$ cat run19.txt   # compact mmCIF, C-alpha atoms
# COMPACT_ATOMS: atom_id res chain seq x y z
CA MET G 720 -102.12 66.52 69.45
CA MET G 721 -104.52 67.95 66.92
CA ARG G 722 -104.51 64.89 64.70
CA LYS G 723 -104.38 62.47 67.60
CA THR G 724 -107.88 63.55 68.57
CA ARG G 725 -109.18 62.22 65.25
CA GLY G 726 -107.78 58.80 66.01
CA ALA G 727 -108.70 58.81 69.67
CA THR G 728 -112.30 59.49 68.73
CA ALA G 729 -112.32 56.76 66.11
CA VAL G 730 -110.77 54.10 68.31
CA ALA G 731 -112.42 54.95 71.60
CA ILE G 732 -116.03 54.79 70.40
CA GLY G 733 -117.90 52.24 72.44
CA LEU G 734 -115.13 51.60 74.94
CA GLY G 735 -116.67 51.37 78.36
CA LEU G 736 -113.65 51.56 80.58
CA ALA G 737 -113.83 51.46 84.34
CA LEU G 738 -110.61 53.05 85.48
CA ALA G 739 -109.17 52.04 88.82
CA MET G 740 -106.87 54.84 89.77
CA THR G 741 -104.08 54.14 92.22
CA GLY G 742 -100.52 55.28 92.66
CA CYS G 743 -98.42 57.88 94.34
CA ALA G 744 -97.13 61.25 93.22
CA GLY G 745 -93.70 61.27 91.65
CA GLY G 746 -92.80 64.75 92.78
CA SER G 747 -91.17 66.19 95.84
CA ASP G 748 -90.38 69.61 97.20
CA ASP G 749 -86.95 69.66 95.54
CA GLY G 750 -88.43 70.00 92.06
CA GLY G 751 -91.08 72.28 90.71
CA GLY G 752 -92.41 74.62 88.14
CA SER G 753 -93.13 77.56 90.41
CA ASP G 754 -91.29 79.57 93.00
CA GLY G 755 -94.62 80.82 94.36
CA GLY G 756 -96.75 79.33 97.09
CA GLY G 757 -99.72 77.09 96.72
CA SER G 758 -98.00 73.80 97.48
CA SER G 759 -100.04 70.78 98.44
CA ASP G 760 -99.58 71.71 102.14
CA ALA G 761 -102.13 74.55 101.86
CA LYS G 762 -105.69 74.54 100.55
CA THR G 763 -105.32 75.05 96.83
CA THR G 764 -107.51 74.83 93.74
CA VAL G 765 -105.73 73.90 90.51
CA THR G 766 -107.63 74.65 87.31
CA LEU G 767 -107.18 72.32 84.32
CA TRP G 768 -108.31 72.89 80.73
CA GLU G 769 -108.65 69.79 78.59
CA ASN G 770 -110.32 68.97 75.25
CA ALA G 771 -111.41 65.38 75.93
CA SER G 772 -114.82 64.47 74.54
CA PRO G 773 -117.41 62.76 76.77
CA GLY G 774 -116.40 59.14 77.26
CA PRO G 775 -113.35 57.26 78.54
CA GLY G 776 -111.02 60.25 78.17
CA ALA G 777 -113.16 62.62 80.19
CA GLU G 778 -113.70 59.92 82.80
CA TYR G 779 -109.94 59.47 83.08
CA TRP G 780 -109.44 63.12 84.03
CA LYS G 781 -112.17 62.93 86.68
CA SER G 782 -110.57 59.83 88.18
CA ALA G 783 -107.07 61.32 88.04
CA ALA G 784 -108.26 64.46 89.82
CA ALA G 785 -109.97 62.37 92.50
CA ALA G 786 -106.91 60.16 93.00
CA PHE G 787 -104.65 63.19 93.35
CA HIS G 788 -107.06 64.74 95.86
CA THR G 789 -106.91 61.54 97.92
CA LEU G 790 -103.14 61.86 98.12
CA HIS G 791 -103.29 65.63 98.66
CA PRO G 792 -106.55 66.37 100.51
CA ASN G 793 -105.90 70.12 100.49
CA VAL G 794 -105.67 70.25 96.69
CA THR G 795 -108.72 70.26 94.42
CA ILE G 796 -108.31 69.82 90.66
CA LYS G 797 -111.05 71.75 88.87
CA ILE G 798 -111.50 70.50 85.31
CA GLN G 799 -112.98 72.48 82.44
CA TYR G 800 -113.57 70.69 79.13
CA VAL G 801 -113.23 72.97 76.11
CA GLN G 802 -114.33 71.84 72.66
CA ASN G 803 -111.29 71.10 70.52
CA GLU G 804 -112.20 73.60 67.79
CA ASP G 805 -112.61 76.38 70.38
CA PHE G 806 -109.65 75.48 72.53
CA ASP G 807 -106.86 77.56 70.97
CA GLY G 808 -108.86 80.77 70.77
CA LYS G 809 -110.20 80.58 74.32
CA LEU G 810 -106.80 79.68 75.73
CA GLN G 811 -105.03 82.55 73.99
CA THR G 812 -107.67 85.01 75.22
CA ALA G 813 -107.21 83.72 78.77
CA LEU G 814 -103.43 83.92 78.56
CA ASN G 815 -103.55 87.48 77.21
CA SER G 816 -105.97 88.59 79.95
CA ASN G 817 -103.93 87.01 82.75
CA SER G 818 -106.80 84.63 83.57
CA ALA G 819 -105.30 81.43 82.19
CA PRO G 820 -105.91 78.01 83.75
CA ASP G 821 -103.09 76.64 85.89
CA VAL G 822 -102.66 73.50 83.76
CA PHE G 823 -103.63 73.18 80.11
CA LEU G 824 -103.23 71.07 77.01
CA GLN G 825 -100.36 72.47 74.97
CA ARG G 826 -100.32 72.32 71.16
CA GLY G 827 -96.56 72.85 71.06
CA GLY G 828 -94.52 74.13 68.14
CA GLY G 829 -94.91 77.74 67.11
CA LYS G 830 -97.82 78.30 69.48
CA MET G 831 -95.74 77.29 72.50
CA GLN G 832 -92.77 79.32 71.27
CA ALA G 833 -94.98 82.44 71.20
CA MET G 834 -96.22 81.75 74.74
CA VAL G 835 -92.66 81.38 75.99
CA GLU G 836 -91.60 84.62 74.34
CA ALA G 837 -94.59 86.39 75.91
CA GLY G 838 -93.61 85.14 79.37
CA GLN G 839 -96.88 83.23 79.78
CA LEU G 840 -95.47 79.82 80.76
CA GLN G 841 -93.47 78.43 83.65
CA GLU G 842 -90.26 76.56 83.03
CA LEU G 843 -90.48 73.03 84.44
CA THR G 844 -87.62 71.66 86.53
CA LEU G 845 -87.86 67.88 86.62
CA THR G 846 -86.55 65.55 89.29
CA ASP G 847 -84.58 62.45 88.34
CA ALA G 848 -87.75 60.44 88.95
CA ASP G 849 -89.69 62.65 86.53
CA LYS G 850 -87.02 62.22 83.87
CA ALA G 851 -87.11 58.45 84.30
CA ASN G 852 -90.90 58.50 83.99
CA THR G 853 -90.89 60.48 80.74
CA GLY G 854 -87.69 59.70 78.82
CA ALA G 855 -85.50 62.04 76.80
CA ALA G 856 -87.24 61.60 73.44
CA ALA G 857 -90.65 62.60 74.81
CA LEU G 858 -89.30 65.73 76.53
CA ALA G 859 -88.27 67.23 73.19
CA ALA G 860 -91.92 67.98 72.39
CA GLY G 861 -92.14 70.35 75.36
CA THR G 862 -88.74 72.01 75.01
CA VAL G 863 -87.93 75.50 73.71
CA ASP G 864 -84.33 76.76 73.55
CA GLY G 865 -83.18 73.89 75.75
CA LYS G 866 -85.74 74.59 78.50
CA LEU G 867 -88.79 72.48 79.31
CA TYR G 868 -92.19 74.19 79.25
CA ALA G 869 -94.58 71.24 78.88
CA MET G 870 -94.82 67.79 80.44
CA PRO G 871 -95.40 64.93 77.96
CA VAL G 872 -98.00 62.31 78.88
CA ASP G 873 -98.25 60.32 75.66
CA THR G 874 -96.62 60.01 72.26
CA ALA G 875 -97.99 59.41 68.78
CA PRO G 876 -95.05 58.23 66.66
CA GLU G 877 -95.57 58.51 62.94
CA GLY G 878 -94.43 55.68 60.74
CA ILE G 879 -95.48 53.41 57.90
CA TYR G 880 -98.34 51.01 58.54
CA TYR G 881 -98.30 47.97 56.28
CA SER G 882 -100.01 44.70 55.44
CA LYS G 883 -97.90 41.75 56.56
CA ASP G 884 -99.86 39.46 54.22
CA LEU G 885 -99.15 41.60 51.15
CA PHE G 886 -95.49 41.88 52.08
CA GLN G 887 -95.31 38.08 52.30
CA GLN G 888 -97.07 37.67 48.96
CA ALA G 889 -94.55 40.06 47.38
CA GLY G 890 -91.62 38.15 48.86
CA ILE G 891 -90.62 40.90 51.28
CA ALA G 892 -89.01 39.19 54.25
CA ALA G 893 -88.70 42.19 56.57
CA PRO G 894 -89.74 45.86 56.65
CA PRO G 895 -87.28 48.19 54.88
CA THR G 896 -84.78 50.19 56.94
CA THR G 897 -83.35 52.36 54.13
CA MET G 898 -84.88 54.27 51.24
CA GLU G 899 -83.10 51.96 48.82
CA GLU G 900 -84.82 48.97 50.42
CA LEU G 901 -88.19 50.76 50.36
CA GLN G 902 -87.83 51.47 46.63
CA ALA G 903 -86.97 47.82 46.02
CA ASP G 904 -90.09 46.79 47.97
CA VAL G 905 -92.21 49.17 45.90
CA ALA G 906 -91.13 47.30 42.77
CA LYS G 907 -91.94 43.91 44.36
CA LEU G 908 -95.43 45.07 45.33
CA LYS G 909 -96.13 46.46 41.88
CA ALA G 910 -95.18 43.06 40.49
CA ILE G 911 -98.12 41.47 42.36
CA LYS G 912 -100.48 44.19 41.10
CA VAL G 913 -100.88 45.96 44.43
CA ALA G 914 -100.56 49.70 45.01
CA PRO G 915 -97.35 49.90 47.07
CA ILE G 916 -98.26 53.01 49.07
CA ALA G 917 -101.57 54.79 49.55
CA VAL G 918 -101.69 58.51 50.27
CA GLY G 919 -104.64 60.89 50.59
CA ALA G 920 -103.23 63.95 48.85
CA LYS G 921 -106.67 65.57 48.55
CA ASP G 922 -106.31 66.47 52.24
CA ALA G 923 -102.83 67.92 51.58
CA TRP G 924 -101.25 67.17 54.97
CA PRO G 925 -100.97 63.38 54.46
CA ALA G 926 -98.94 63.96 51.31
CA ALA G 927 -96.89 66.68 52.96
CA HIS G 928 -95.87 64.26 55.69
CA TRP G 929 -93.63 62.52 53.16
CA TYR G 930 -91.71 65.77 52.84
CA TYR G 931 -91.74 66.23 56.62
CA ASN G 932 -90.05 62.88 57.13
CA PHE G 933 -87.48 63.44 54.41
CA ALA G 934 -86.70 66.75 56.12
CA LEU G 935 -86.39 64.95 59.45
CA ARG G 936 -83.71 62.75 57.89
CA GLU G 937 -81.92 65.50 55.92
CA CYS G 938 -81.94 68.33 58.50
CA SER G 939 -80.16 68.25 61.84
CA GLN G 940 -82.15 68.59 65.04
CA ASP G 941 -80.58 71.99 65.64
CA THR G 942 -81.66 73.20 62.20
CA MET G 943 -85.23 72.02 62.66
CA THR G 944 -85.63 73.49 66.14
CA SER G 945 -83.90 76.80 65.37
CA THR G 946 -86.09 77.22 62.31
CA ALA G 947 -89.13 77.28 64.61
CA LYS G 948 -87.77 80.54 65.99
CA SER G 949 -86.34 82.12 62.84
CA LEU G 950 -88.88 80.77 60.34
CA LYS G 951 -86.16 81.01 57.72
CA PHE G 952 -85.89 77.88 55.60
CA ASP G 953 -82.48 78.70 54.16
CA ASP G 954 -80.51 75.60 55.08
CA PRO G 955 -79.84 73.45 51.98
CA CYS G 956 -81.38 70.48 53.77
CA TRP G 957 -84.88 71.83 53.13
CA THR G 958 -84.31 71.71 49.38
CA LYS G 959 -82.54 68.38 49.67
CA ALA G 960 -85.64 66.91 51.34
CA GLY G 961 -87.66 67.98 48.30
CA ASP G 962 -85.05 66.43 46.04
CA ASP G 963 -85.40 63.16 47.95
CA LEU G 964 -89.17 63.23 47.50
CA SER G 965 -88.82 63.96 43.78
CA SER G 966 -86.41 61.07 43.42
CA PHE G 967 -88.74 58.74 45.28
CA LEU G 968 -91.63 59.73 42.99
CA LYS G 969 -89.70 58.26 40.05
CA ALA G 970 -90.44 54.81 41.50
CA ASP G 971 -94.18 55.55 41.04
CA PRO G 972 -94.92 54.41 44.63
CA PHE G 973 -98.42 55.82 45.16
CA GLN G 974 -101.82 54.54 44.06
CA LYS G 975 -103.51 55.78 40.90
CA GLY G 976 -105.56 58.88 41.61
CA PHE G 977 -103.76 59.66 44.87
CA LEU G 978 -103.99 63.41 44.23
CA THR G 979 -107.80 63.31 44.55
CA ALA G 980 -108.00 60.63 47.27
CA SER G 981 -108.90 61.47 50.85
CA ALA G 982 -107.00 60.04 53.79
CA GLN G 983 -109.66 58.71 56.13
CA GLN G 984 -113.11 58.77 54.53
CA GLY G 985 -114.45 55.65 52.85
CA ALA G 986 -113.06 52.52 51.24
CA GLY G 987 -111.35 54.55 48.52
CA SER G 988 -109.36 56.61 51.00
CA SER G 989 -105.73 55.81 51.70
CA ALA G 990 -106.69 54.18 55.02
CA GLY G 991 -109.50 52.32 53.26
CA MET G 992 -107.16 50.94 50.62
CA LEU G 993 -104.89 49.49 53.31
CA ALA G 994 -107.93 48.20 55.21
CA ASN G 995 -109.10 46.30 52.12
CA HIS G 996 -105.66 45.11 50.94
CA LYS G 997 -105.77 47.34 47.85
CA ALA G 998 -102.54 49.00 49.00
CA ALA G 999 -99.68 47.67 51.09
CA MET G 1000 -98.51 50.76 53.02
CA GLU G 1001 -99.56 54.14 54.38
CA LEU G 1002 -97.48 56.78 56.19
CA MET G 1003 -99.56 58.02 59.12
CA GLY G 1004 -99.72 58.74 62.84
CA ASN G 1005 -100.82 56.28 65.50
CA TRP G 1006 -104.52 57.10 65.16
CA ASP G 1007 -104.45 55.16 61.86
CA PRO G 1008 -105.22 51.64 63.18
CA GLY G 1009 -108.56 52.84 64.52
CA VAL G 1010 -109.44 54.48 61.21
CA ILE G 1011 -108.34 51.38 59.31
CA ALA G 1012 -110.43 49.14 61.57
CA SER G 1013 -113.54 51.21 60.84
CA LEU G 1014 -113.01 50.67 57.10
CA THR G 1015 -112.39 46.91 56.96
CA PRO G 1016 -115.24 44.75 55.58
CA ASP G 1017 -116.18 43.54 59.09
CA GLN G 1018 -115.24 46.84 60.78
CA LYS G 1019 -112.73 45.02 62.96
CA PRO G 1020 -108.97 45.64 63.38
CA LEU G 1021 -106.85 44.55 60.43
CA PRO G 1022 -105.28 41.30 61.71
CA ASP G 1023 -102.09 41.54 59.63
CA LEU G 1024 -101.32 45.20 60.33
CA GLY G 1025 -97.68 46.05 61.02
CA TRP G 1026 -95.60 49.21 61.52
CA PHE G 1027 -92.06 50.37 60.80
CA PRO G 1028 -90.30 53.72 61.19
CA PHE G 1029 -89.55 55.99 58.24
CA PRO G 1030 -86.43 54.58 56.58
CA ALA G 1031 -82.96 56.08 56.86
CA VAL G 1032 -81.70 58.44 54.15
CA ALA G 1033 -78.05 58.18 53.16
CA GLY G 1034 -75.97 61.24 54.02
CA GLY G 1035 -78.66 63.05 55.98
CA GLN G 1036 -77.78 65.35 58.88
CA GLY G 1037 -80.72 64.14 60.99
CA ASP G 1038 -80.36 61.22 63.35
CA PRO G 1039 -81.75 58.13 61.55
CA SER G 1040 -83.57 57.10 64.74
CA ALA G 1041 -85.46 60.40 65.07
CA ILE G 1042 -89.26 60.14 65.05
CA MET G 1043 -91.82 62.51 63.56
CA GLY G 1044 -95.09 62.70 65.41
CA SER G 1045 -97.35 64.44 67.83
CA ALA G 1046 -97.43 64.33 71.60
CA GLY G 1047 -99.82 65.05 74.42
CA VAL G 1048 -98.08 67.71 76.52
CA TYR G 1049 -99.31 69.97 79.33
CA SER G 1050 -98.04 73.39 80.37
CA LEU G 1051 -98.34 75.55 83.46
CA SER G 1052 -99.37 79.18 83.19
CA LYS G 1053 -97.04 81.70 84.79
CA ASN G 1054 -99.04 82.05 88.02
CA ALA G 1055 -99.83 78.38 88.58
CA PRO G 1056 -99.22 77.14 92.14
CA LYS G 1057 -96.70 74.46 93.01
CA ALA G 1058 -99.50 71.93 93.40
CA ALA G 1059 -100.13 72.25 89.66
CA PHE G 1060 -96.61 71.04 88.95
CA GLU G 1061 -97.06 68.21 91.43
CA PHE G 1062 -100.16 67.18 89.47
CA LEU G 1063 -98.09 67.03 86.27
CA GLN G 1064 -95.57 64.83 88.06
CA PHE G 1065 -98.43 62.60 89.19
CA LEU G 1066 -99.68 62.18 85.62
CA VAL G 1067 -96.45 60.48 84.47
CA THR G 1068 -96.31 57.90 87.27
CA LYS G 1069 -96.80 54.28 86.22
CA ASP G 1070 -100.38 53.69 87.36
CA GLN G 1071 -101.62 56.97 85.94
CA GLN G 1072 -99.87 56.35 82.65
CA GLU G 1073 -101.46 52.92 82.35
CA ALA G 1074 -104.93 54.33 82.97
CA TYR G 1075 -104.35 57.24 80.57
CA ALA G 1076 -103.16 54.87 77.82
CA LYS G 1077 -106.26 52.67 78.20
CA ALA G 1078 -108.65 55.62 78.17
CA PHE G 1079 -107.14 57.36 75.16
CA VAL G 1080 -105.87 54.24 73.32
CA ALA G 1081 -102.48 55.92 73.44
CA ILE G 1082 -98.80 55.07 73.90
CA PRO G 1083 -97.65 56.25 77.34
CA VAL G 1084 -94.27 57.95 77.72
CA ASN G 1085 -93.48 56.07 80.93
CA GLN G 1086 -91.74 52.87 79.82
CA GLN G 1087 -92.89 51.06 82.97
CA ALA G 1088 -96.48 51.59 81.83
CA GLN G 1089 -95.97 50.45 78.26
CA GLY G 1090 -97.00 46.90 79.10
CA VAL G 1091 -100.60 48.00 78.51
CA VAL G 1092 -99.74 48.33 74.81
CA THR G 1093 -100.40 44.90 73.31
CA ASP G 1094 -100.98 45.34 69.57
CA SER G 1095 -97.90 44.32 67.60
CA TYR G 1096 -97.90 47.49 65.48
CA SER G 1097 -98.06 49.71 68.56
CA ILE G 1098 -95.31 47.69 70.23
CA SER G 1099 -93.13 48.28 67.16
CA ALA G 1100 -93.91 52.00 67.31
CA LEU G 1101 -93.12 52.37 71.00
CA GLN G 1102 -89.89 50.37 70.61
CA ALA G 1103 -88.78 52.78 67.90
CA PHE G 1104 -89.86 55.73 70.04
CA ASN G 1105 -87.88 54.45 73.03
CA LYS G 1106 -84.76 54.21 70.86
CA ALA G 1107 -85.26 57.60 69.21
CA ALA G 1108 -82.58 60.22 69.75
CA TYR G 1109 -85.32 62.88 69.62
CA THR G 1110 -88.82 63.55 68.37
CA MET G 1111 -90.11 66.34 66.16
CA GLN G 1112 -93.66 67.68 66.03
CA PHE G 1113 -95.47 67.64 62.70
CA LEU G 1114 -94.09 70.59 60.80
CA ASP G 1115 -97.41 72.36 60.34
CA THR G 1116 -97.59 72.36 64.14
CA GLU G 1117 -93.92 73.10 64.74
CA TYR G 1118 -93.87 76.10 62.40
CA GLY G 1119 -97.44 77.35 62.76
CA GLN G 1120 -100.56 77.06 60.64
CA ASN G 1121 -99.77 79.73 58.03
CA VAL G 1122 -96.30 78.40 57.28
CA GLY G 1123 -97.50 74.81 57.53
CA ASN G 1124 -100.36 75.31 55.09
CA ALA G 1125 -98.02 76.91 52.56
CA MET G 1126 -95.57 74.03 52.92
CA ASN G 1127 -98.34 71.45 52.56
CA THR G 1128 -99.72 73.09 49.42
CA ALA G 1129 -96.26 73.36 47.85
CA VAL G 1130 -95.59 69.67 48.50
CA VAL G 1131 -98.85 68.68 46.79
CA ASN G 1132 -97.90 70.89 43.85
CA LEU G 1133 -94.61 69.01 43.61
CA LEU G 1134 -96.43 65.67 43.62
CA ALA G 1135 -98.76 66.97 40.92
CA GLY G 1136 -95.87 68.04 38.71
CA LYS G 1137 -96.68 71.73 39.18
CA GLY G 1138 -93.77 72.67 41.44
CA SER G 1139 -90.20 71.90 42.39
CA PRO G 1140 -88.20 71.34 45.58
CA ALA G 1141 -87.04 74.94 45.33
CA ASP G 1142 -90.68 76.07 45.18
CA ILE G 1143 -91.42 74.35 48.50
CA VAL G 1144 -88.71 76.43 50.16
CA LYS G 1145 -89.69 79.61 48.33
CA ASP G 1146 -93.40 79.33 49.14
CA THR G 1147 -92.72 78.43 52.76
CA ASN G 1148 -90.35 81.37 53.24
CA THR G 1149 -92.87 83.71 51.62
CA ALA G 1150 -95.59 82.57 54.02
CA ALA G 1151 -93.23 83.07 56.96
CA GLU G 1152 -92.38 86.60 55.85
CA ARG G 1153 -96.06 87.51 55.55
CA GLY G 1154 -96.68 86.23 59.07
$ encode --input "run19.txt" --output "structure tokens"
Amino acid sequence: MMRKTRGATAVAIGLGLALAMTGCAGGSDDGGGSDGGGSSDAKTTVTLWENASPGPGAEYWKSAAAAFHTLHPNVTIKIQYVQNEDFDGKLQTALNSNSAPDVFLQRGGGKMQAMVEAGQLQELTLTDADKANTGAAALAAGTVDGKLYAMPVDTAPEGIYYSKDLFQQAGIAAPPTTMEELQADVAKLKAIKVAPIAVGAKDAWPAAHWYYNFALRECSQDTMTSTAKSLKFDDPCWTKAGDDLSSFLKADPFQKGFLTASAQQGAGSSAGMLANHKAAMELMGNWDPGVIASLTPDQKPLPDLGWFPFPAVAGGQGDPSAIMGSAGVYSLSKNAPKAAFEFLQFLVTKDQQEAYAKAFVAIPVNQQAQGVVTDSYSISALQAFNKAAYTMQFLDTEYGQNVGNAMNTAVVNLLAGKGSPADIVKDTNTAAERG
């Protein structure tokens, strides 16, 4: 969720949403995340830590807590908002001192793995209703070693945003589904003197996401998830992903000066180039439309914006439907009462999901609530998400900041002609060994 907050802030500015919260809890006594007491039958206070900024998001949590209290009069949800930059440090201190909140925003990836290994989280046992409300693809973001430790409430699928008008001008009838088709489209766009793909490599991570997605296609799900535990990047698929990126670079797909371009600041950024039809595509998460809208000449949403998933790679071990992205997930600390789990169940019910999606300009995991998503690009993204065999967190989240930063830097070096696919693996393994 780290990068989602950038987009949520950009899109949600000025939205005055009045949230009408209704609905019923999806849980029952036959499911739960705690064997201890504290069910909604006894007076209970459930503490929640959240990083929402003042505005529609914070108002959503107040309304959700009030609605849950109406259904469970003996349960009070006590919310504490923690600034995003301070959140991880304060949470870890609380977990280590056995004073953690009952419910809290979970970053996932390596951070969640460490909490599981330290015995700081409860395993969540979902009812059939819960599973229907969330969907299999979304649950992957909260799963460690086949067990669920965090409830997903939204998803931020990553994919390629594009200009429908520029595609039409270039004679591209439909978005590409394979890398071969994408390379052919790059050539068509260059023929009309448009930068095919914009990337903000100055910020490192936007460029590294090209490697992430090639890895998602080349590596099996088992390899990618087991690597989060071992932090050994020895499978040949990691090098093969770098080979794919090197091969793609031969098509010269990125704009001139992409190595010094930022991703989200100003008209010359990668988002700005798409906003002003100077480039046709950008690989990014679902916060991008809001950033793009802020950079158009009239500061309004780009009317011809579309979205398609990262194309399939021939011979890869990963499922071609798999989606890279981030997710909003919430965990329970080890001593949280049963009412805390019931609150998580409540959050994924239809009415709550609709309200959450409106407040955070997000894609809800509950398919029954996805009718609130009306933009064509977001509809395309959620359709791909619903068909996905699984999702994978951004790799600098999945494998931790130190490993992720090393990977990101090595990918930029490759793009700059200063490194190789083998160097990406070598530098990443070195960072993992150093810890």
$ closest_residue --input "run19.txt" --among "G:Asn770, G:Ser939, G:Gln888, G:Asn793" --to "Pro1039 in chain G" --atoms "all atoms listed in the file"
G:Ser939
$ residues_around --input "run19.txt" --residues "range 1077-1082 of chain G" --least-positions-apart "3" --cutoff "6 Å" --atoms "only C-alpha atoms" --output "ChimeraX atom specification"
/G:727,775-776,873-874,1074
$ closest_residue --input "run19.txt" --among "G:Lys830, G:His996, G:His791, G:Lys921" --to "Ala1135 in chain G" --atoms "all atoms listed in the file"
G:Lys921
$ closest_residue --input "run19.txt" --among "G:Ile879, G:Ala906, G:Val1131, G:Ala892" --to "Phe977 in chain G" --atoms "all atoms listed in the file"
G:Val1131
$ residues_around --input "run19.txt" --residues "Val1130 in chain G" --least-positions-apart "6" --cutoff "8 Å" --atoms "only C-alpha atoms" --output "VMD selection string"
chain G and resid 926 to 927 930 1138 1143
